[in-house]
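Text of entry_11.txt, listed as compact mmCIF, C-alpha atoms:
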```txt
# COMPACT_ATOMS: atom_id res chain seq x y z
CA MET A 20 -10.21 -21.68 -4.16
CA THR A 21 -10.77 -19.65 -7.33
CA ASP A 22 -14.01 -18.17 -5.95
CA ALA A 23 -12.34 -16.73 -2.86
CA LEU A 24 -12.52 -12.95 -2.44
CA LEU A 25 -8.77 -12.89 -1.92
CA LEU A 26 -6.13 -15.24 -3.27
CA SER A 27 -2.85 -15.66 -1.43
CA ARG A 28 0.32 -17.35 -2.59
CA THR A 29 3.94 -17.35 -1.48
CA ASP A 30 6.81 -17.69 -3.92
CA GLY A 31 10.08 -17.78 -2.02
CA ALA A 32 10.32 -14.57 -0.02
CA VAL A 33 7.36 -12.87 -1.74
CA ALA A 34 3.75 -13.17 -0.61
CA THR A 35 1.22 -12.07 -3.24
CA LEU A 36 -2.30 -11.10 -2.20
CA THR A 37 -4.75 -10.85 -5.09
CA LEU A 38 -8.09 -9.08 -4.78
CA ASN A 39 -10.35 -11.53 -6.57
CA ASP A 40 -13.80 -10.02 -6.95
CA PRO A 41 -13.64 -8.51 -10.45
CA ALA A 42 -17.41 -8.82 -10.90
CA HIS A 43 -17.73 -6.13 -8.20
CA ALA A 44 -14.65 -4.16 -9.29
CA ASN A 45 -12.73 -5.60 -6.33
CA ALA A 46 -14.64 -3.28 -4.02
CA LEU A 47 -13.53 -2.98 -0.41
CA SER A 48 -16.55 -4.61 1.14
CA THR A 49 -16.43 -5.61 4.80
CA ALA A 50 -15.67 -9.17 3.69
CA MET A 51 -12.89 -8.08 1.33
CA MET A 52 -11.25 -5.90 3.96
CA THR A 53 -11.43 -8.73 6.49
CA ALA A 54 -9.80 -11.07 3.98
CA ILE A 55 -6.98 -8.64 3.24
CA GLU A 56 -6.38 -8.00 6.93
CA GLY A 57 -6.14 -11.72 7.64
CA ALA A 58 -3.87 -12.49 4.70
CA LEU A 59 -1.57 -9.58 5.50
CA ALA A 60 -1.30 -10.70 9.13
CA ALA A 61 -0.44 -14.21 7.97
CA ALA A 62 2.26 -12.89 5.62
CA VAL A 63 3.75 -10.74 8.37
CA ALA A 64 3.82 -13.76 10.71
CA ASP A 65 5.52 -15.99 8.12
CA PRO A 66 9.31 -15.81 8.68
CA ALA A 67 9.95 -16.85 5.08
CA VAL A 68 8.14 -13.80 3.70
CA ARG A 69 10.12 -10.60 3.25
CA VAL A 70 7.93 -8.64 0.82
CA VAL A 71 4.17 -8.48 0.25
CA VAL A 72 2.68 -7.64 -3.16
CA LEU A 73 -0.92 -6.47 -3.43
CA GLU A 74 -2.54 -6.93 -6.85
CA ALA A 75 -6.00 -7.52 -8.31
CA ALA A 76 -7.76 -9.74 -10.81
CA GLY A 77 -9.71 -8.23 -13.66
CA LYS A 78 -9.69 -4.85 -15.36
CA ILE A 79 -10.06 -2.71 -12.21
CA PHE A 80 -7.58 -2.74 -9.34
CA CYS A 81 -10.14 -1.51 -6.83
CA ALA A 82 -13.16 0.78 -7.23
CA GLY A 83 -13.22 1.73 -3.56
CA HIS A 84 -15.88 0.95 -1.00
CA ASP A 85 -18.85 -1.26 -1.84
CA LEU A 86 -21.48 1.43 -2.49
CA ALA A 87 -24.33 -1.06 -2.19
CA GLU A 88 -23.07 -1.98 1.26
CA LEU A 89 -22.78 1.68 2.22
CA ARG A 90 -26.40 2.27 1.17
CA SER A 91 -27.70 -0.88 2.86
CA SER A 92 -28.14 1.08 6.08
CA ASP A 93 -28.69 4.67 7.18
CA ASP A 94 -27.18 3.93 10.58
CA THR A 95 -24.27 6.28 11.24
CA ALA A 96 -22.73 3.77 13.66
CA PHE A 97 -22.75 1.14 10.91
CA HIS A 98 -20.96 3.50 8.55
CA ALA A 99 -18.45 4.56 11.21
CA ALA A 100 -17.60 0.91 11.95
CA LEU A 101 -17.03 0.23 8.26
CA PHE A 102 -14.71 3.21 7.83
CA ASP A 103 -12.95 2.30 11.08
CA GLN A 104 -12.24 -1.13 9.62
CA CYS A 105 -10.88 0.45 6.46
CA SER A 106 -8.66 2.74 8.52
CA ARG A 107 -7.32 -0.25 10.47
CA LEU A 108 -6.50 -2.02 7.22
CA MET A 109 -4.63 0.97 5.83
CA MET A 110 -2.70 1.40 9.07
CA ALA A 111 -1.86 -2.32 9.11
CA ILE A 112 -0.23 -1.87 5.69
CA VAL A 113 1.75 1.14 6.92
CA ASP A 114 2.70 -0.65 10.17
CA SER A 115 3.69 -3.90 8.46
CA PRO A 116 7.37 -4.62 9.19
CA LYS A 117 7.55 -6.13 5.71
CA PRO A 118 7.31 -3.74 2.76
CA VAL A 119 3.99 -3.82 0.91
CA ILE A 120 4.05 -3.08 -2.82
CA ALA A 121 0.98 -2.28 -4.92
CA LYS A 122 0.98 -3.84 -8.39
CA VAL A 123 -1.68 -1.95 -10.32
CA ARG A 124 -3.00 -3.13 -13.68
CA GLY A 125 -6.38 -1.36 -13.61
CA ALA A 126 -8.01 1.77 -12.28
CA ALA A 127 -7.66 2.59 -8.58
CA VAL A 128 -10.54 4.75 -7.41
CA ALA A 129 -11.57 6.29 -4.07
CA ALA A 130 -10.60 3.81 -1.32
CA GLY A 131 -8.81 1.84 -4.05
CA CYS A 132 -6.56 4.85 -4.57
CA GLN A 133 -6.23 5.02 -0.79
CA LEU A 134 -5.03 1.42 -0.85
CA VAL A 135 -2.32 2.29 -3.38
CA ALA A 136 -1.30 5.40 -1.44
CA SER A 137 -0.99 3.37 1.78
CA CYS A 138 1.47 0.89 0.27
CA ASP A 139 5.19 1.50 0.67
CA LEU A 140 5.84 1.29 -3.07
CA ALA A 141 3.54 1.21 -6.07
CA PHE A 142 4.10 0.19 -9.68
CA ALA A 143 1.44 0.52 -12.35
CA ALA A 144 0.78 -0.17 -15.99
CA ASP A 145 1.10 3.08 -17.92
CA THR A 146 -2.56 2.94 -18.98
CA VAL A 147 -3.89 2.97 -15.40
CA ARG A 148 -5.82 5.93 -14.00
CA PHE A 149 -6.26 7.05 -10.41
CA ALA A 150 -9.00 9.07 -8.73
CA VAL A 151 -10.64 9.93 -5.44
CA SER A 152 -13.91 10.70 -7.15
CA GLY A 153 -16.46 10.28 -4.38
CA VAL A 154 -17.23 14.00 -4.59
CA ASN A 155 -18.85 13.30 -7.97
CA LEU A 156 -21.49 11.33 -6.06
CA GLY A 157 -21.78 13.83 -3.24
CA LEU A 158 -19.49 11.84 -0.93
CA PHE A 159 -16.16 13.59 -0.34
CA CYS A 160 -13.31 11.05 -0.06
CA SER A 161 -12.22 12.14 3.42
CA THR A 162 -10.65 8.85 4.51
CA PRO A 163 -8.84 8.26 1.19
CA GLY A 164 -7.58 11.81 1.59
CA VAL A 165 -5.62 10.79 4.69
CA ALA A 166 -3.38 8.39 2.76
CA LEU A 167 -3.37 10.49 -0.40
CA GLY A 168 -2.35 13.62 1.49
CA ARG A 169 0.62 11.79 2.95
CA ALA A 170 1.75 10.45 -0.43
CA VAL A 171 1.47 13.59 -2.56
CA SER A 172 1.54 17.34 -2.02
CA ARG A 173 -1.39 19.11 -0.36
CA LYS A 174 -2.36 20.88 -3.59
CA ASP A 175 -2.15 17.72 -5.69
CA ALA A 176 -4.30 15.87 -3.15
CA LEU A 177 -6.91 18.61 -3.01
CA ASP A 178 -6.93 18.91 -6.79
CA LEU A 179 -8.04 15.28 -7.05
CA LEU A 180 -10.32 15.39 -4.00
CA LEU A 181 -12.15 18.57 -4.97
CA THR A 182 -12.59 17.90 -8.69
CA GLY A 183 -13.07 14.12 -8.67
CA ARG A 184 -11.02 13.95 -11.86
CA PHE A 185 -8.88 11.03 -12.97
CA ALA A 186 -5.09 11.28 -13.10
CA SER A 187 -3.03 9.31 -15.59
CA ALA A 188 -0.30 6.94 -14.48
CA ALA A 189 2.32 9.40 -15.71
CA GLU A 190 0.73 12.17 -13.64
CA ALA A 191 0.57 9.83 -10.63
CA VAL A 192 4.33 9.30 -10.93
CA GLY A 193 4.88 13.03 -11.03
CA MET A 194 2.76 13.50 -7.92
CA GLY A 195 4.58 10.75 -6.05
CA LEU A 196 1.49 8.55 -5.74
CA ILE A 197 3.27 5.69 -7.54
CA ASN A 198 6.94 4.95 -8.14
CA ARG A 199 6.87 3.89 -11.77
CA ALA A 200 4.50 3.52 -14.69
CA VAL A 201 5.58 0.97 -17.27
CA PRO A 202 4.01 -0.78 -20.26
CA ALA A 203 1.70 -3.54 -19.03
CA ALA A 204 3.99 -6.19 -20.51
CA GLU A 205 6.84 -4.92 -18.33
CA LEU A 206 4.96 -4.69 -15.04
CA ASP A 207 5.87 -8.20 -13.87
CA SER A 208 9.57 -7.64 -14.46
CA ALA A 209 9.48 -4.26 -12.71
CA LEU A 210 7.90 -5.88 -9.66
CA ASP A 211 10.32 -8.79 -9.75
CA ALA A 212 13.28 -6.42 -9.73
CA ALA A 213 11.92 -4.50 -6.75
CA THR A 214 10.92 -7.52 -4.70
CA SER A 215 14.23 -9.28 -5.40
CA ALA A 216 16.21 -6.24 -4.32
CA ILE A 217 14.26 -5.88 -1.07
CA ALA A 218 14.20 -9.60 -0.29
CA ALA A 219 18.00 -9.69 -0.54
CA LYS A 220 18.36 -7.21 2.31
CA ALA A 221 18.46 -7.99 6.03
CA PRO A 222 14.79 -8.23 7.08
CA GLU A 223 15.44 -6.92 10.59
CA ALA A 224 17.08 -3.80 9.16
CA ILE A 225 14.19 -3.30 6.74
CA ALA A 226 11.63 -3.62 9.56
CA LEU A 227 13.46 -1.22 11.85
CA GLY A 228 14.16 1.24 9.06
CA LYS A 229 10.60 1.32 7.76
CA ALA A 230 9.19 1.91 11.24
CA ALA A 231 11.71 4.65 11.99
CA PHE A 232 11.12 6.34 8.63
CA ASN A 233 7.36 6.44 9.19
CA ARG A 234 7.77 7.82 12.72
CA GLN A 235 10.27 10.53 11.85
CA SER A 236 8.39 11.70 8.76
CA THR A 237 5.67 13.31 10.91
CA GLN A 238 7.96 14.64 13.64
CA PRO A 239 9.63 18.04 14.07
CA LEU A 240 13.19 18.09 12.73
CA ALA A 241 15.03 17.64 16.04
CA GLN A 242 12.74 14.82 17.13
CA ALA A 243 13.04 13.20 13.71
CA TYR A 244 16.81 13.13 14.01
CA ALA A 245 16.53 11.70 17.53
CA THR A 246 14.28 8.92 16.21
CA ALA A 247 16.66 8.20 13.33
CA THR A 248 19.71 8.29 15.59
CA ALA A 249 18.19 5.74 17.94
CA ALA A 250 17.32 3.51 15.00
CA MET A 251 20.84 3.70 13.56
CA ALA A 252 22.40 2.90 16.92
CA GLU A 253 20.05 -0.07 17.41
CA ASN A 254 20.69 -1.26 13.86
CA LEU A 255 24.45 -1.32 14.43
CA GLY A 256 23.88 -3.93 17.12
CA PHE A 257 22.25 -6.36 14.68
CA PRO A 258 24.47 -9.34 13.75
CA SER A 259 23.61 -8.86 10.08
CA ALA A 260 24.94 -5.28 10.17
CA LYS A 261 28.15 -6.34 11.90
CA VAL A 262 28.76 -9.08 9.36
CA GLY A 263 27.95 -6.82 6.44
CA ILE A 264 30.18 -3.98 7.59
CA ASP A 265 33.06 -6.27 8.47
CA ALA A 266 32.86 -7.91 5.05
CA PHE A 267 32.91 -4.50 3.37
CA LEU A 268 35.95 -3.39 5.40
CA LYS A 269 37.86 -6.50 4.28
CA ARG A 270 37.50 -5.71 0.59
```
Encoded form using structure tokens:
Amino acid sequence: MTDALLLSRTDGAVATLTLNDPAHANALSTAMMTAIEGALAAAVADPAVRVVVLEAAGKIFCAGHDLAELRSSDDTAFHAALFDQCSRLMMAIVDSPKPVIAKVRGAAVAAGCQLVASCDLAFAADTVRFAVSGVNLGLFCSTPGVALGRAVSRKDALDLLLTGRFASAAEAVGMGLINRAVPAAELDSALDAATSAIAAKAPEAIALGKAAFNRQSTQPLAQAYATATAAMAENLGFPSAKVGIDAFLKR
């Protein structure tokens, strides 16, 4: 359905989820977030899928929350439920055992920037800009700041959060918000190279490794090494690791 809020397709080992509401700047309305959550869950449950790509139709990747929806009620409980849903979506991306890659062709703003920051990898056209600019409207981007502050340094995050300014794609690379910025004509090939490389790896090792990496990254050093040690020991018991190591030793 071309009028669906979210389009989903699977090509081999890659599931592509496309935000498809360009008339509303692909805003993260309740309906859009529900659609992404459902499509991501389906991709995770599909044994054929090894990588998920998140992209958007139109000139804007995602402008953040639907401001009209936010202003449709003055009920604090309504607003809390909406932000809770957004938080669940972002955590589902982080918790996905299959890597999620943002493919960004247009501006990513506020919760749209949060969406990019929550993905495991992010590639963007070199003309794209990023911002957490809610403060310009009197609404500090506190929830986007959670993901942003884990992707970039504290000072870089606060620079964007406090000023509401836009960062270029090149600056976003320097901050660590995205992995690469390439000419728009090269974005497809950059994504293809990344997804092909990941899809060729043992999915059980990827799932275990991603989970362990996320856990250890917030732990004290000794605990982080304990988490990583347990993951390595478990990983060595996987048939794919045994086969791979044995094949290497026979070279």
With 8 Å as the cut-off and only C-alpha atoms counted, what is the closest atom pair between each nearby residue of range 100-148 of chain A and range 221-226 of chain A? Distances in Å to one decimal, ordered by chain and number, as JSON lines.
```
{"residue": "A:Pro116", "atom": "CA", "partner": "A:Ala226", "partner_atom": "CA", "distance": 4.4}
{"residue": "A:Lys117", "atom": "CA", "partner": "A:Ala226", "partner_atom": "CA", "distance": 6.1}
{"residue": "A:Pro118", "atom": "CA", "partner": "A:Ile225", "partner_atom": "CA", "distance": 8.0}
```
**Report entry** Long-range neighbours of Ile55 in chain A as a PyMOL selection string, 10 Å cut-off, all atoms listed in the file, 5 positions minimum in chain
**Finding:** chain A and resi 24-27+36-38+47+50+60-61+73+108+112
**Report entry** Polymer residues at most 7 Å from Val113 in chain A, all atoms listed in the file, same-chain spacing of 3 or more positions, as an MDAnalysis selection string
**Finding:** chainID A and resid 109:110 137:138
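Residues lying within 8 Å of His84 in chain A, counting all atoms listed in the file and ignoring same-chain neighbours fewer than 2 positions away, are A:Ala46, A:Leu47, A:Ser48, A:Ala82, A:Leu86, A:Leu89, A:Ala129, A:Ala130, A:Gly131.
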Query raised in the report: Residues around (-5.1, 5.4, -22.4), cut-off 10 Å, counting all atoms listed in the file - what are they as a PyMOL selection string?
Result: chain A and resi 145-148+187-188
Requested in this report: Skip range 231-236 of chain A itself and residues of its chain fewer than 3 positions away, then list as a ChimeraX atom specification all residues within 10 Å of it, counting only C-alpha atoms.
Outcome: /A:113-114,169,225-228,239-251
Requested in this report: Could you please determine the separation between CA of Glu205 in chain A and CA of Arg124 in chain A in Å, to one decimal place?
Outcome: 11.0 Å
Query raised in the report: Which is closer to Phe185 in chain A than all the others in A:Ala204, A:Ala218, A:Ala44, A:Ala126, using all atoms listed in the file?
Result: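 Using all atoms listed in the file, the shortest distance to Phe185 in chain A belongs to A:Ala126.
Using only C-alpha atoms, the smallest distance between any of A:Ala144, A:Gly83, A:Gly193, A:Ser115 and Ala230 in chain A comes from A:Ser115.
The coordinates place CA of Leu196 in chain A at 6.0 Å from CA of Ala136 in chain A.
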Near-range 65-71 of chain A list (6 Å; all atoms listed in the file; drop same-chain fewer than 2 positions) as an mmCIF file with C-alpha atoms, in the coordinates of the input:
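The resulting file, result_33.cif, is shown below:
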```cif
data_model
loop_
_atom_site.group_PDB
_atom_site.id
_atom_site.type_symbol
_atom_site.label_atom_id
_atom_site.label_comp_id
_atom_site.auth_asym_id
_atom_site.auth_seq_id
_atom_site.Cartn_x
_atom_site.Cartn_y
_atom_site.Cartn_z
ATOM 1 C CA ALA A 32 10.320 -14.570 -0.020
ATOM 2 C CA VAL A 33 7.360 -12.870 -1.740
ATOM 3 C CA ALA A 34 3.750 -13.170 -0.610
ATOM 4 C CA THR A 35 1.220 -12.070 -3.240
ATOM 5 C CA ALA A 62 2.260 -12.890 5.620
ATOM 6 C CA VAL A 63 3.750 -10.740 8.370
ATOM 7 C CA LYS A 117 7.550 -6.130 5.710
ATOM 8 C CA PRO A 118 7.310 -3.740 2.760
ATOM 9 C CA VAL A 119 3.990 -3.820 0.910
ATOM 10 C CA ALA A 218 14.200 -9.600 -0.290
#
```
Query - Which of A:Val165, A:Lys261, A:Thr49, A:Ala200 sits closest to His98 in chain A [using only C-alpha atoms] - result: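 Closest to His98 in chain A, using only C-alpha atoms: A:Thr49.
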Query - Å distance separating CA of Thr29 in chain A from CA of Cys81 in chain A, one decimal place - result: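 Those two atoms sit 21.9 Å apart.
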Query raised in the report: Residues around (-21.8, 7.6, -4.5), cut-off 10 Å, counting all atoms listed in the file - what are they as a ChimeraX atom specification?
Result: /A:84-87,89-90,152-159
Report task. For each of A:Cys160, A:Ala209, A:Met51, A:Ala23, take the minimum atom-to-atom distance to Ile120 in chain A, counting all atoms listed in the file, then give the residue where this is smallest. Result ->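 Under the stated criterion, the closest residue is A:Ala209.
Each of A:Thr162, A:Asn45, A:Ser215, A:Gln133 was compared to Ala99 in chain A using only C-alpha atoms, and A:Thr162 turns out to be the nearest.
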Query raised in the report: Looking at A:Pro202, A:Gly77, A:Gly256, A:Pro163, which one is nearest to Asn39 in chain A, with distances taken over all atoms listed in the file?
Result: A:Gly77
Centre, x/y/z edge lengths, axis-aligned box for range 239-256 of chain A with 4 Å per side, as lines of an AutoDock Vina configuration file:
```
center_x = 17.0
center_y = 7.1
center_z = 15.3
size_x = 22.8
size_y = 30.0
size_z = 13.2
```
Export range 171-269 of chain A from the structure block above, keeping C-alpha atoms, as a PDB file, in the first residue's frame.
```
ATOM      1  CA  VAL A 171      28.250  11.773  21.121  1.00  0.00           C
ATOM      2  CA  SER A 172      30.239  13.524  23.830  1.00  0.00           C
ATOM      3  CA  ARG A 173      28.457  15.354  26.650  1.00  0.00           C
ATOM      4  CA  LYS A 174      29.612  18.754  25.396  1.00  0.00           C
ATOM      5  CA  ASP A 175      28.611  18.050  21.791  1.00  0.00           C
ATOM      6  CA  ALA A 176      25.177  16.875  22.952  1.00  0.00           C
ATOM      7  CA  LEU A 177      24.623  19.912  25.154  1.00  0.00           C
ATOM      8  CA  ASP A 178      25.857  22.230  22.412  1.00  0.00           C
ATOM      9  CA  LEU A 179      23.049  21.013  20.152  1.00  0.00           C
ATOM     10  CA  LEU A 180      20.458  20.732  22.930  1.00  0.00           C
ATOM     11  CA  LEU A 181      21.070  24.172  24.422  1.00  0.00           C
ATOM     12  CA  THR A 182      21.415  26.158  21.198  1.00  0.00           C
ATOM     13  CA  GLY A 183      18.942  24.328  18.962  1.00  0.00           C
ATOM     14  CA  ARG A 184      21.350  24.800  16.072  1.00  0.00           C
ATOM     15  CA  PHE A 185      21.721  22.491  13.084  1.00  0.00           C
ATOM     16  CA  ALA A 186      24.855  20.415  12.563  1.00  0.00           C
ATOM     17  CA  SER A 187      26.075  19.473   9.101  1.00  0.00           C
ATOM     18  CA  ALA A 188      26.575  15.868   8.082  1.00  0.00           C
ATOM     19  CA  ALA A 189      30.344  16.356   8.238  1.00  0.00           C
ATOM     20  CA  GLU A 190      30.047  17.696  11.788  1.00  0.00           C
ATOM     21  CA  ALA A 191      27.765  14.783  12.705  1.00  0.00           C
ATOM     22  CA  VAL A 192      30.489  12.379  11.558  1.00  0.00           C
ATOM     23  CA  GLY A 193      33.027  14.191  13.691  1.00  0.00           C
ATOM     24  CA  MET A 194      30.741  13.978  16.712  1.00  0.00           C
ATOM     25  CA  GLY A 195      30.099  10.279  16.197  1.00  0.00           C
ATOM     26  CA  LEU A 196      26.375  10.741  15.554  1.00  0.00           C
ATOM     27  CA  ILE A 197      26.690   9.077  12.133  1.00  0.00           C
ATOM     28  CA  ASN A 198      29.320   6.781  10.647  1.00  0.00           C
ATOM     29  CA  ARG A 199      29.712   8.289   7.198  1.00  0.00           C
ATOM     30  CA  ALA A 200      28.487  11.170   5.082  1.00  0.00           C
ATOM     31  CA  VAL A 201      28.648  10.548   1.343  1.00  0.00           C
ATOM     32  CA  PRO A 202      27.303  12.209  -1.795  1.00  0.00           C
ATOM     33  CA  ALA A 203      23.618  11.365  -2.189  1.00  0.00           C
ATOM     34  CA  ALA A 204      24.358   9.327  -5.320  1.00  0.00           C
ATOM     35  CA  GLU A 205      26.674   7.087  -3.292  1.00  0.00           C
ATOM     36  CA  LEU A 206      24.383   6.487  -0.311  1.00  0.00           C
ATOM     37  CA  ASP A 207      22.812   3.305  -1.706  1.00  0.00           C
ATOM     38  CA  SER A 208      26.186   1.717  -2.395  1.00  0.00           C
ATOM     39  CA  ALA A 209      27.490   2.671   1.054  1.00  0.00           C
ATOM     40  CA  LEU A 210      24.486   0.994   2.661  1.00  0.00           C
ATOM     41  CA  ASP A 211      24.784  -2.046   0.431  1.00  0.00           C
ATOM     42  CA  ALA A 212      28.407  -2.520   1.439  1.00  0.00           C
ATOM     43  CA  ALA A 213      27.567  -2.306   5.139  1.00  0.00           C
ATOM     44  CA  THR A 214      24.518  -4.562   5.023  1.00  0.00           C
ATOM     45  CA  SER A 215      26.324  -7.147   2.884  1.00  0.00           C
ATOM     46  CA  ALA A 216      29.254  -7.258   5.287  1.00  0.00           C
ATOM     47  CA  ILE A 217      26.997  -7.711   8.325  1.00  0.00           C
ATOM     48  CA  ALA A 218      24.666 -10.204   6.645  1.00  0.00           C
ATOM     49  CA  ALA A 219      27.652 -12.407   5.807  1.00  0.00           C
ATOM     50  CA  LYS A 220      28.498 -12.849   9.485  1.00  0.00           C
ATOM     51  CA  ALA A 221      27.080 -15.453  11.869  1.00  0.00           C
ATOM     52  CA  PRO A 222      23.784 -13.960  13.106  1.00  0.00           C
ATOM     53  CA  GLU A 223      24.017 -15.606  16.523  1.00  0.00           C
ATOM     54  CA  ALA A 224      27.443 -14.041  17.075  1.00  0.00           C
ATOM     55  CA  ILE A 225      26.150 -10.643  15.962  1.00  0.00           C
ATOM     56  CA  ALA A 226      23.170 -10.867  18.340  1.00  0.00           C
ATOM     57  CA  LEU A 227      25.277 -11.936  21.301  1.00  0.00           C
ATOM     58  CA  GLY A 228      27.987  -9.397  20.544  1.00  0.00           C
ATOM     59  CA  LYS A 229      25.622  -6.465  20.146  1.00  0.00           C
ATOM     60  CA  ALA A 230      23.853  -7.244  23.412  1.00  0.00           C
ATOM     61  CA  ALA A 231      27.129  -7.668  25.292  1.00  0.00           C
ATOM     62  CA  PHE A 232      28.570  -4.465  23.823  1.00  0.00           C
ATOM     63  CA  ASN A 233      25.531  -2.446  24.903  1.00  0.00           C
ATOM     64  CA  ARG A 234      25.609  -3.915  28.412  1.00  0.00           C
ATOM     65  CA  GLN A 235      29.313  -3.415  29.021  1.00  0.00           C
ATOM     66  CA  SER A 236      29.375   0.122  27.641  1.00  0.00           C
ATOM     67  CA  THR A 237      27.538   1.452  30.715  1.00  0.00           C
ATOM     68  CA  GLN A 238      29.279  -0.734  33.293  1.00  0.00           C
ATOM     69  CA  PRO A 239      32.351  -0.091  35.453  1.00  0.00           C
ATOM     70  CA  LEU A 240      35.542  -1.459  33.896  1.00  0.00           C
ATOM     71  CA  ALA A 241      35.787  -4.693  35.902  1.00  0.00           C
ATOM     72  CA  GLN A 242      32.118  -5.502  35.365  1.00  0.00           C
ATOM     73  CA  ALA A 243      32.427  -4.652  31.674  1.00  0.00           C
ATOM     74  CA  TYR A 244      35.248  -7.148  31.276  1.00  0.00           C
ATOM     75  CA  ALA A 245      33.231  -9.765  33.166  1.00  0.00           C
ATOM     76  CA  THR A 246      30.306  -9.220  30.779  1.00  0.00           C
ATOM     77  CA  ALA A 247      32.583  -9.428  27.741  1.00  0.00           C
ATOM     78  CA  THR A 248      34.374 -12.505  29.077  1.00  0.00           C
ATOM     79  CA  ALA A 249      31.095 -14.342  29.565  1.00  0.00           C
ATOM     80  CA  ALA A 250      30.023 -13.401  26.045  1.00  0.00           C
ATOM     81  CA  MET A 251      33.288 -14.605  24.509  1.00  0.00           C
ATOM     82  CA  ALA A 252      33.098 -17.904  26.378  1.00  0.00           C
ATOM     83  CA  GLU A 253      29.479 -18.419  25.290  1.00  0.00           C
ATOM     84  CA  ASN A 254      30.325 -17.469  21.714  1.00  0.00           C
ATOM     85  CA  LEU A 255      33.069 -20.096  21.536  1.00  0.00           C
ATOM     86  CA  GLY A 256      30.407 -22.732  22.103  1.00  0.00           C
ATOM     87  CA  PHE A 257      28.474 -21.730  18.978  1.00  0.00           C
ATOM     88  CA  PRO A 258      28.824 -24.213  16.079  1.00  0.00           C
ATOM     89  CA  SER A 259      29.469 -21.344  13.668  1.00  0.00           C
ATOM     90  CA  ALA A 260      32.467 -20.195  15.737  1.00  0.00           C
ATOM     91  CA  LYS A 261      33.890 -23.715  15.927  1.00  0.00           C
ATOM     92  CA  VAL A 262      33.573 -24.184  12.184  1.00  0.00           C
ATOM     93  CA  GLY A 263      35.028 -20.772  11.434  1.00  0.00           C
ATOM     94  CA  ILE A 264      38.022 -21.177  13.727  1.00  0.00           C
ATOM     95  CA  ASP A 265      38.740 -24.704  12.551  1.00  0.00           C
ATOM     96  CA  ALA A 266      38.656 -23.568   8.929  1.00  0.00           C
ATOM     97  CA  PHE A 267      41.068 -20.741   9.726  1.00  0.00           C
ATOM     98  CA  LEU A 268      43.478 -23.110  11.503  1.00  0.00           C
ATOM     99  CA  LYS A 269      43.559 -25.364   8.432  1.00  0.00           C
TER     100      LYS A 269
END
```
